[in-house]
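Trainee: Below: one structure in structure tokens.
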Amino acid sequence: MEMEKFQYDNKIVRMFFWATVVWGVTAFLVGLTIALQLPAPAFNFGTSWLTFGRLRPLHTNAAIFAFVGNGIFMGYYYAAQRLLKARNFSDVLGKIHFWGWQGIIVSAALTLPAGITTAKEYAELEWPIDIAIALIWVAWGVNMIGTIIQRREKHLYVAMWFFISTFVTVAMLHIVNSFEIPVTFWKSYSLYAGVQDALVQWWYGHNAVAFFLTTPYLGLMYYYMPKAAQRPVYSYRLSIIHFWALIFLYIWAGPHHLLYSSTPDWAQTLGTVFSIMLIAPSWGGMLNGLLTLRGAWDRVRQDPILKFFVVAVSAYGMSTFEGPMMSLKNYNAISHFTDYTIAHVHVGALGWNGLLTFGMLYWLAPRLWNTKLFSVKLANIHFWLATLGLVFYVIPMYWTGITQALMWKQFSPEGLLVYPNFLETVLELVPMYWTRAFGGLLYLTGSLIMVYNLIKTAKSGAPTPDEEMEAAPLKPIVSEPGEHKHRWLEARPVPFMILALVAVAIGGLVEFVPMFVVKSNIPTISTVTPYSPLELEGRDIYIKEGCVNCHSQMIRPFRSETERYGEYSKAGEFVYDHPFLWGSKRTGPDLHREGVGKLRKPDAWHYSHMENPRSMSPGSIMPVYPWLLERSNDYDDIAKKIGVMRTLGVPYAEGYEDQALADLKKQAEGIVGNLKDAGIETSWDKEIIALIAYLQKLGTGILPK
Amino acid sequence: MGKVTNELIDHDFDGIQEYDNDLPGWWKALFLITVIIAIIYVPYYHIFGDLQDVEYQKEMGTYTESSEGRGSFTSYSSPYASDGEMTPAIRAQMEQVLDAPFQDQLMRAMAKADADQLAKLEAAFPEVYANYTSGGVSAPAAPAPVETEDTSTAAPVAAEELLTDEASLAAGKKVWDTQCFTCHLNDGGGSIGPNMTDNYWIHGGDLASIINIIKVGVPAKGMIPWETTLTPDQIKQVASFIQVKLVGTTPATSKAPQGELYEG
């Protein structure tokens with residue numbers, strides 16, 4: 001048979017290699033900064049751009065899409081060419097992919113601290129960037145599909161299955177969750193409202209974890225683990241079962257982020273039961289990884305790369321067991337809204353993604369620069385710093401999560417909350433926040449040692465030229481007698497991709513269709529009114545400042561919550577909320593009833609509190625927001641905003657646009673008057689006025705003020 | 001473990017080989033068990049168990065048989081809700097809090113309501129509506145001025161005895177220093193809340209009135225109703241602290257007097 005000559009492209013791998021390193025360190029650094037801001041708010045240096053509410057999305061986006069994203073592409077471009085025996089379909093597309101992705105990251109790094117955000121977690125980027133993400137993602141997909149079609153290997157290896165499912169699923173998730181109507185170039189409103197928006201968002205958010213942090217990394221593990229261990233993969237059959245079970249089941253589990261919320265019970269139940277069923281398929285990946293090391297455990301002692309891999313896969317096993325436990329209602333009632341969740345995600349991010357990436361970097365560096373690793377000793381030191389950093393990070397966070405949840409729930413014999421002041425439960429945690437920051441510092445230090453080691457390694461060698469390869473072209477695909485069914489599928493990428501898409505589409509469809517079609521899922525409440533123009537503008541300031549990162553707006557049906565905050569939240573109260581702002585973490589108290597009952601405070605209280613929270617709540621760890629008192633807004637966009645909201649189904653009367661600004665001003669003057677009575681002089685156009693109006697509106701839908 | 005044959009599949013990808021080992025038996029068992037748990041879980045909650053609204057009613061002690069089986073969250077309706085329905089459980093819960101001040105607030109709401117809302121309110125609170133139309137606590141004839149939403153304070157309260165022992169006053173000071181000072185300042189000079197040192201009182205300066213205001217608050221002006229947060233003893237201690245330790249002192253900055261001089 002005639003052999004074809006071709007070359008592997010190593011340059012694109014090196015490009016993503018350095019991007020992974022640079023963005024990894026950036027993500028850790030931003031993480032450490034916001035970790036320090038919790039016990040010491042002064043670490044935002046008094047600038048709006050560096051407040052916790054704005055930096056936290058930057059940290060999560062940098063960790064997920066910049067660090068892990070580039071890690072995926074680095075690992076993919078190296079492995080896929082070799083698994084398919086073909087050069088990448090298009091070098092140009094590869095470059096577009098690389099520079100496009102870095103451009104998206106840079107635009108995120110500029111817009112998020114500027115307060116340009118949609119407020120939907122891990123989907124904060126505004127609509128122009130959303131479109132860019134979709135295009136660049138498809139560029140990668142086309143490059144992948146093209147390479148698969150030009151392959152010289154009949155069957156697709158398990159790593160490729162995971163890459164294919166990653167591509168189709170993330171494309172689906174990103175597009176569906178990003179439907180939004182633009183108001184201006186940097187502002188849009190989500191197509192969905194309230195409960196529906198929450199359901200779509202957590203279908204996306206949960207599966208960003210599944211199909212961005214998990215499936216591509218399992219694909220990478222299936223290449224780099226056997227490569228590094230030089231051992232065969234433990235079980236081909238296990239790969240098949242756990243792959244299909246994992247992608248089919250994962251997509252259903254999103255509503256476990258909404259337990260005890262206003263989401264209908266049936267959706268919550270689906271979230272729980274599919275999470276439970278995910279334990280075994282998730283562990284299938286861990287088993288195939290760890291059992292591949294049979295016969296190589298003696299080498300784990302000496303080889304830092306294998307050490308990184310073993311701890312990474314173990315962390316994966318731990319967090320995929322813990323996830324289903326947190327999906328049980330009684331467990332979730334304690335863990336949700338606390339630092340427990342923060343600990344959980346960092347076992348995954350620092351442990352599974354971080355350590356696997358470090359292992360890959362150390363494995364690839366000598367091969368990409370045709371040399372030896374500069375220092376195995378430094379790599380070992382990095383391993384111990386990273387592992388200890390992980391321990392120092394997560395243990396205090398588990399501790400604070402449980403401590404705070406128990407304090408929230410404790411009643412005295414007289415039937416009163418023992419800690420009625422939310423702040424008391426926060427101040428209890430401050431020492432642990434310092435410990436967590438110390439863990440983060442260890443982790444960052446380790447990664448800086450790695451940077452030094454990798455630069456030294458690269459300098460000691462020279463970029464490896466593209467390897468010359470030779471292989472026979474692919475013969476026409478024909479079925480072989482007695483061939484296993486899955487073997488048949490592995491040789492046919494298009495049916496494989498369609499089947500994967502069907503598997504991941506089912507769960508979402510079953511959950512969305514009833515929620516959007518059946519009206520009784522969200523009982524209407526006639527007293528719930530749309531936001532006034534001023535309140536709408538205030539809500540946009542709330543979104544801009546990232547308040548949702550620390551304050552929930554979802555009072556769960558527990559006595560401990562209704563005693564503290566007031567009547568629990570109803571689905572019908574959120575029908576005009578584009579986007580929903582339920583939040584996922586209570587670093588500060590819930591705000592859903594901030595405008596009613598015993599939580600309602602005078603306008604002057606809010607004014608002073610935003611200027612300096614410690615003047616009203618001594619010891620508070622909330623940042624100061626003096627710029628809200630100074631910045632004026634001319635509300636040029638209010639007419640457009642009203643129009644967009646009406647398009648989305650909010651019942652503003654036709655022509656209300658023309659009156660909106662006058663109404664806004666009138667309501668603002670009322671608040672200015674209240675402030676004046678309390679001895680505060682200000683003017684109607686300050687941002688603080690709109691924010692106060694919004695806060696005073698919260699929770700008034702079902703209860704009189 | 002399943003069958004571990006360690007037979008290699010006759011194939012490799014870039015040098016990576018795969019064993020054709022069976023799936024571990026315990027793994028298969030684990031998968032099966034989780035599927036069974038998932039199947040049991042659904043009826044466990046949806047048929048035999050409590051969904052979250054019933055669970056909440058039971059926790060609050062407001063659960064009754066008839067409130068069951070209405071599905072998620074439909075058992076609750078706002079008093080103003082369009083479909084106007086209220087389950088007996090919620091009804092009972094509402095009645096528990098329908099004490100005089102709340103009734104009074106409801107009647108004020110009725111006075112301000114348009115015809116449509118008034119009809120809904122009538123359906124939800126027939127007794128209060130009857131009271132309202134017969135000229136109950138606050139007659140609708142005279143539109144209630146917004147500034148006097150605190151008529152509850154005028155309700156006669158049994159005379160209270162001033163606490164003067166140091167232990168009680170120290171306890172009262174502790175409450176003051178942890179809760180009250182944010183609005184009234186540490187030395188009682190007043191900022192968002194009124195001055196507590198000048199002996200001018202908006203809602204009455206006798207001990208019983210002070211205690212009552214601390215209990216029920218003045219929500220319209222931002223004074224929190226403390227009775228769900230502080231014990232009756234604590235409320236009495238802090239009220240005594242105000243009268244004994246604050247009134248008559250000279251704060252660093254004092255807010256202008258509001259209300260009337262108390263000459264008790």
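Residue numbering restarts at 1 for every chain of the structure tokens, chains are lettered A, B, ... in their displayed order, and ligands are numbered from 1 as they appear.
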Could you please select, counting only C-alpha atoms, the residues of chain A within 6 Å of chain B and state them as a count of residues only?
Mentor: 22
Trainee: Stretch 109-141 of chain A: which residues are alpha helix (DSSP H) by DSSP, as number ranges by chain?
Mentor: A: 109-111, 127-141
Trainee: Please list as a PyMOL selection string every residue within 9 Å of B:Lys245, counting only C-alpha atoms and excluding residues in the same chain fewer than 6 positions away.
Mentor: chain B and resi 169+173+197
Trainee: Need the shell around stretch 48-62 of chain A: protein/DNA/RNA residues with any atom at most 6 Å away, counting only C-alpha atoms. Skip same-chain ones fewer than 6 positions apart. Format as a PyMOL selection string?
Mentor: chain A and resi 27+30-31+34+113-114+545-547+549
Trainee: Keeping only C-alpha atoms, write the selected residues to a file as a CSV table (one decimal), in the first residue's frame.
Mentor:
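Final output, out.csv:
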```csv
chain,number,residue,atom,x,y,z
A,27,ALA,CA,-6.6,33.4,37.3
A,30,VAL,CA,-7.2,37.3,40.8
A,31,GLY,CA,-8.5,34.5,43.0
A,34,ILE,CA,-10.6,38.4,46.0
A,113,PRO,CA,-14.0,44.9,35.9
A,114,ALA,CA,-15.8,47.8,34.1
A,545,GLU,CA,-21.7,46.4,40.6
A,546,GLY,CA,-22.1,42.6,40.8
A,547,CYS,CA,-24.2,42.6,44.0
A,549,ASN,CA,-22.1,37.7,43.6
```
Trainee: Using only C-alpha atoms, which protein or nucleic acid residues come within 12 Å of A:Gly583? Drop anything in the same chain fewer than 5 positions from it, and give the result as a ChimeraX atom specification.
Mentor: /A:53,119-121,194,198,201-202,257-258,261,336-338,543,546-555,588-592
Trainee: Next, the residues of the selection above should be written as a PDB file, in the first residue's frame with N, CA and C atoms.
Mentor:
```
ATOM      1  N   GLY A  53     -17.429  42.282  43.707  1.00  0.00           N
ATOM      2  CA  GLY A  53     -18.540  41.979  42.807  1.00  0.00           C
ATOM      3  C   GLY A  53     -18.144  41.980  41.342  1.00  0.00           C
ATOM      4  N   ALA A 119     -24.756  39.274  34.387  1.00  0.00           N
ATOM      5  CA  ALA A 119     -25.073  38.759  35.720  1.00  0.00           C
ATOM      6  C   ALA A 119     -25.371  37.267  35.744  1.00  0.00           C
ATOM      7  N   LYS A 120     -25.312  36.577  34.607  1.00  0.00           N
ATOM      8  CA  LYS A 120     -25.543  35.120  34.632  1.00  0.00           C
ATOM      9  C   LYS A 120     -24.212  34.409  34.820  1.00  0.00           C
ATOM     10  N   GLU A 121     -24.138  33.559  35.836  1.00  0.00           N
ATOM     11  CA  GLU A 121     -22.840  33.022  36.248  1.00  0.00           C
ATOM     12  C   GLU A 121     -22.153  32.219  35.151  1.00  0.00           C
ATOM     13  N   GLY A 194     -37.006  35.248  35.332  1.00  0.00           N
ATOM     14  CA  GLY A 194     -37.287  34.557  36.590  1.00  0.00           C
ATOM     15  C   GLY A 194     -36.957  33.083  36.597  1.00  0.00           C
ATOM     16  N   ALA A 198     -33.660  31.096  35.384  1.00  0.00           N
ATOM     17  CA  ALA A 198     -32.863  30.333  36.350  1.00  0.00           C
ATOM     18  C   ALA A 198     -32.644  28.910  35.846  1.00  0.00           C
ATOM     19  N   GLN A 201     -30.243  29.014  32.884  1.00  0.00           N
ATOM     20  CA  GLN A 201     -28.918  29.388  33.360  1.00  0.00           C
ATOM     21  C   GLN A 201     -28.225  28.217  34.065  1.00  0.00           C
ATOM     22  N   TRP A 202     -28.953  27.476  34.901  1.00  0.00           N
ATOM     23  CA  TRP A 202     -28.266  26.415  35.645  1.00  0.00           C
ATOM     24  C   TRP A 202     -28.148  25.133  34.845  1.00  0.00           C
ATOM     25  N   HIS A 257     -29.008  22.912  41.324  1.00  0.00           N
ATOM     26  CA  HIS A 257     -28.549  24.220  41.814  1.00  0.00           C
ATOM     27  C   HIS A 257     -29.719  25.055  42.342  1.00  0.00           C
ATOM     28  N   LEU A 258     -30.932  24.553  42.190  1.00  0.00           N
ATOM     29  CA  LEU A 258     -32.118  25.355  42.519  1.00  0.00           C
ATOM     30  C   LEU A 258     -32.992  24.665  43.556  1.00  0.00           C
ATOM     31  N   SER A 261     -35.722  26.288  45.948  1.00  0.00           N
ATOM     32  CA  SER A 261     -35.985  27.624  45.417  1.00  0.00           C
ATOM     33  C   SER A 261     -37.426  27.652  44.911  1.00  0.00           C
ATOM     34  N   HIS A 336     -25.974  24.827  50.683  1.00  0.00           N
ATOM     35  CA  HIS A 336     -26.243  25.850  49.672  1.00  0.00           C
ATOM     36  C   HIS A 336     -26.111  27.264  50.241  1.00  0.00           C
ATOM     37  N   PHE A 337     -25.683  28.174  49.400  1.00  0.00           N
ATOM     38  CA  PHE A 337     -25.484  29.585  49.742  1.00  0.00           C
ATOM     39  C   PHE A 337     -24.292  29.803  50.679  1.00  0.00           C
ATOM     40  N   THR A 338     -23.547  28.737  51.036  1.00  0.00           N
ATOM     41  CA  THR A 338     -22.412  28.923  51.953  1.00  0.00           C
ATOM     42  C   THR A 338     -21.101  28.638  51.228  1.00  0.00           C
ATOM     43  N   ILE A 543     -26.806  45.084  38.925  1.00  0.00           N
ATOM     44  CA  ILE A 543     -26.156  44.102  38.044  1.00  0.00           C
ATOM     45  C   ILE A 543     -24.714  44.530  37.765  1.00  0.00           C
ATOM     46  N   GLY A 546     -22.254  43.970  40.412  1.00  0.00           N
ATOM     47  CA  GLY A 546     -22.053  42.562  40.769  1.00  0.00           C
ATOM     48  C   GLY A 546     -22.582  42.206  42.145  1.00  0.00           C
ATOM     49  N   CYS A 547     -23.613  42.911  42.628  1.00  0.00           N
ATOM     50  CA  CYS A 547     -24.167  42.640  43.958  1.00  0.00           C
ATOM     51  C   CYS A 547     -24.586  41.177  44.094  1.00  0.00           C
ATOM     52  N   VAL A 548     -25.031  40.595  42.942  1.00  0.00           N
ATOM     53  CA  VAL A 548     -25.540  39.229  42.944  1.00  0.00           C
ATOM     54  C   VAL A 548     -24.452  38.225  43.334  1.00  0.00           C
ATOM     55  N   ASN A 549     -23.191  38.623  43.251  1.00  0.00           N
ATOM     56  CA  ASN A 549     -22.131  37.698  43.620  1.00  0.00           C
ATOM     57  C   ASN A 549     -22.058  37.440  45.128  1.00  0.00           C
ATOM     58  N   CYS A 550     -22.644  38.344  45.914  1.00  0.00           N
ATOM     59  CA  CYS A 550     -22.608  38.162  47.366  1.00  0.00           C
ATOM     60  C   CYS A 550     -23.994  38.114  48.007  1.00  0.00           C
ATOM     61  N   HIS A 551     -25.017  38.571  47.293  1.00  0.00           N
ATOM     62  CA  HIS A 551     -26.350  38.626  47.887  1.00  0.00           C
ATOM     63  C   HIS A 551     -27.326  37.796  47.060  1.00  0.00           C
ATOM     64  N   SER A 552     -27.997  36.861  47.700  1.00  0.00           N
ATOM     65  CA  SER A 552     -29.038  36.103  47.014  1.00  0.00           C
ATOM     66  C   SER A 552     -30.328  36.913  47.034  1.00  0.00           C
ATOM     67  N   GLN A 553     -31.262  36.518  46.182  1.00  0.00           N
ATOM     68  CA  GLN A 553     -32.631  37.033  46.252  1.00  0.00           C
ATOM     69  C   GLN A 553     -33.548  35.823  46.143  1.00  0.00           C
ATOM     70  N   MET A 554     -33.413  34.938  47.091  1.00  0.00           N
ATOM     71  CA  MET A 554     -34.190  33.700  47.064  1.00  0.00           C
ATOM     72  C   MET A 554     -34.330  33.201  48.490  1.00  0.00           C
ATOM     73  N   ILE A 555     -35.470  33.521  49.103  1.00  0.00           N
ATOM     74  CA  ILE A 555     -35.715  33.086  50.474  1.00  0.00           C
ATOM     75  C   ILE A 555     -36.331  31.703  50.414  1.00  0.00           C
ATOM     76  N   GLY A 588     -23.192  38.137  51.914  1.00  0.00           N
ATOM     77  CA  GLY A 588     -24.027  39.049  52.691  1.00  0.00           C
ATOM     78  C   GLY A 588     -25.422  38.451  52.759  1.00  0.00           C
ATOM     79  N   PRO A 589     -26.348  39.111  53.480  1.00  0.00           N
ATOM     80  CA  PRO A 589     -27.686  38.543  53.639  1.00  0.00           C
ATOM     81  C   PRO A 589     -28.506  38.543  52.346  1.00  0.00           C
ATOM     82  N   ASP A 590     -29.562  37.730  52.337  1.00  0.00           N
ATOM     83  CA  ASP A 590     -30.507  37.734  51.225  1.00  0.00           C
ATOM     84  C   ASP A 590     -31.186  39.104  51.156  1.00  0.00           C
ATOM     85  N   LEU A 591     -31.509  39.525  49.933  1.00  0.00           N
ATOM     86  CA  LEU A 591     -32.117  40.853  49.789  1.00  0.00           C
ATOM     87  C   LEU A 591     -33.520  40.813  49.182  1.00  0.00           C
ATOM     88  N   HIS A 592     -34.095  39.594  49.080  1.00  0.00           N
ATOM     89  CA  HIS A 592     -35.358  39.565  48.342  1.00  0.00           C
ATOM     90  C   HIS A 592     -36.486  40.337  49.034  1.00  0.00           C
TER      91      HIS A 592
END
```
Trainee: Just want the 10 Å neighbourhood of stretch 376-378 of chain A, counted on only C-alpha atoms, with same-chain residues fewer than 4 positions away dropped. Output as a PyMOL selection string.
Mentor: chain A and resi 302-305+362+372+382-384+446+449-450+452-453
Trainee: Go through stretch 57-211 of chain A and collect every residue that DSSP, computed from the backbone, puts in strand (DSSP E or B); the answer should be as an mmCIF file with C-alpha atoms, in the first residue's frame.
Mentor:
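out11.cif written:
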```cif
data_model
loop_
_atom_site.group_PDB
_atom_site.id
_atom_site.type_symbol
_atom_site.label_atom_id
_atom_site.label_comp_id
_atom_site.auth_asym_id
_atom_site.auth_seq_id
_atom_site.Cartn_x
_atom_site.Cartn_y
_atom_site.Cartn_z
ATOM 1 C CA GLU A 180 -30.653 38.112 24.870
ATOM 2 C CA ILE A 181 -31.924 41.324 23.338
ATOM 3 C CA PRO A 182 -29.393 44.151 23.058
ATOM 4 C CA VAL A 183 -30.204 47.606 24.390
ATOM 5 C CA THR A 184 -26.866 49.150 23.509
ATOM 6 C CA LYS A 187 -26.021 46.097 27.474
ATOM 7 C CA SER A 188 -28.620 43.432 26.880
ATOM 8 C CA TYR A 189 -31.487 41.741 28.702
ATOM 9 C CA SER A 190 -31.901 37.976 28.888
#
```
Trainee: What separation in Å, quoted to one decimal, exists between atom CA of A:Gly146 and atom CA of A:Phe89?
Mentor: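 The value is 5.1 Å.
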Trainee: Can you list, as a list of chain:residue names, every protein, DNA or RNA residue that comes within 10 Å of A:Tyr433 when you count only C-alpha atoms, leaving out same-chain residues fewer than 4 positions away?
Mentor: A:Ala35, A:Leu36, A:Gln37, A:Leu38, A:Pro39, A:Ala40, A:Asp339, A:Tyr393, A:Pro396, A:Met397, A:Thr400, A:Glu428, A:Leu429, A:Ala437, A:Phe438, A:Gly439
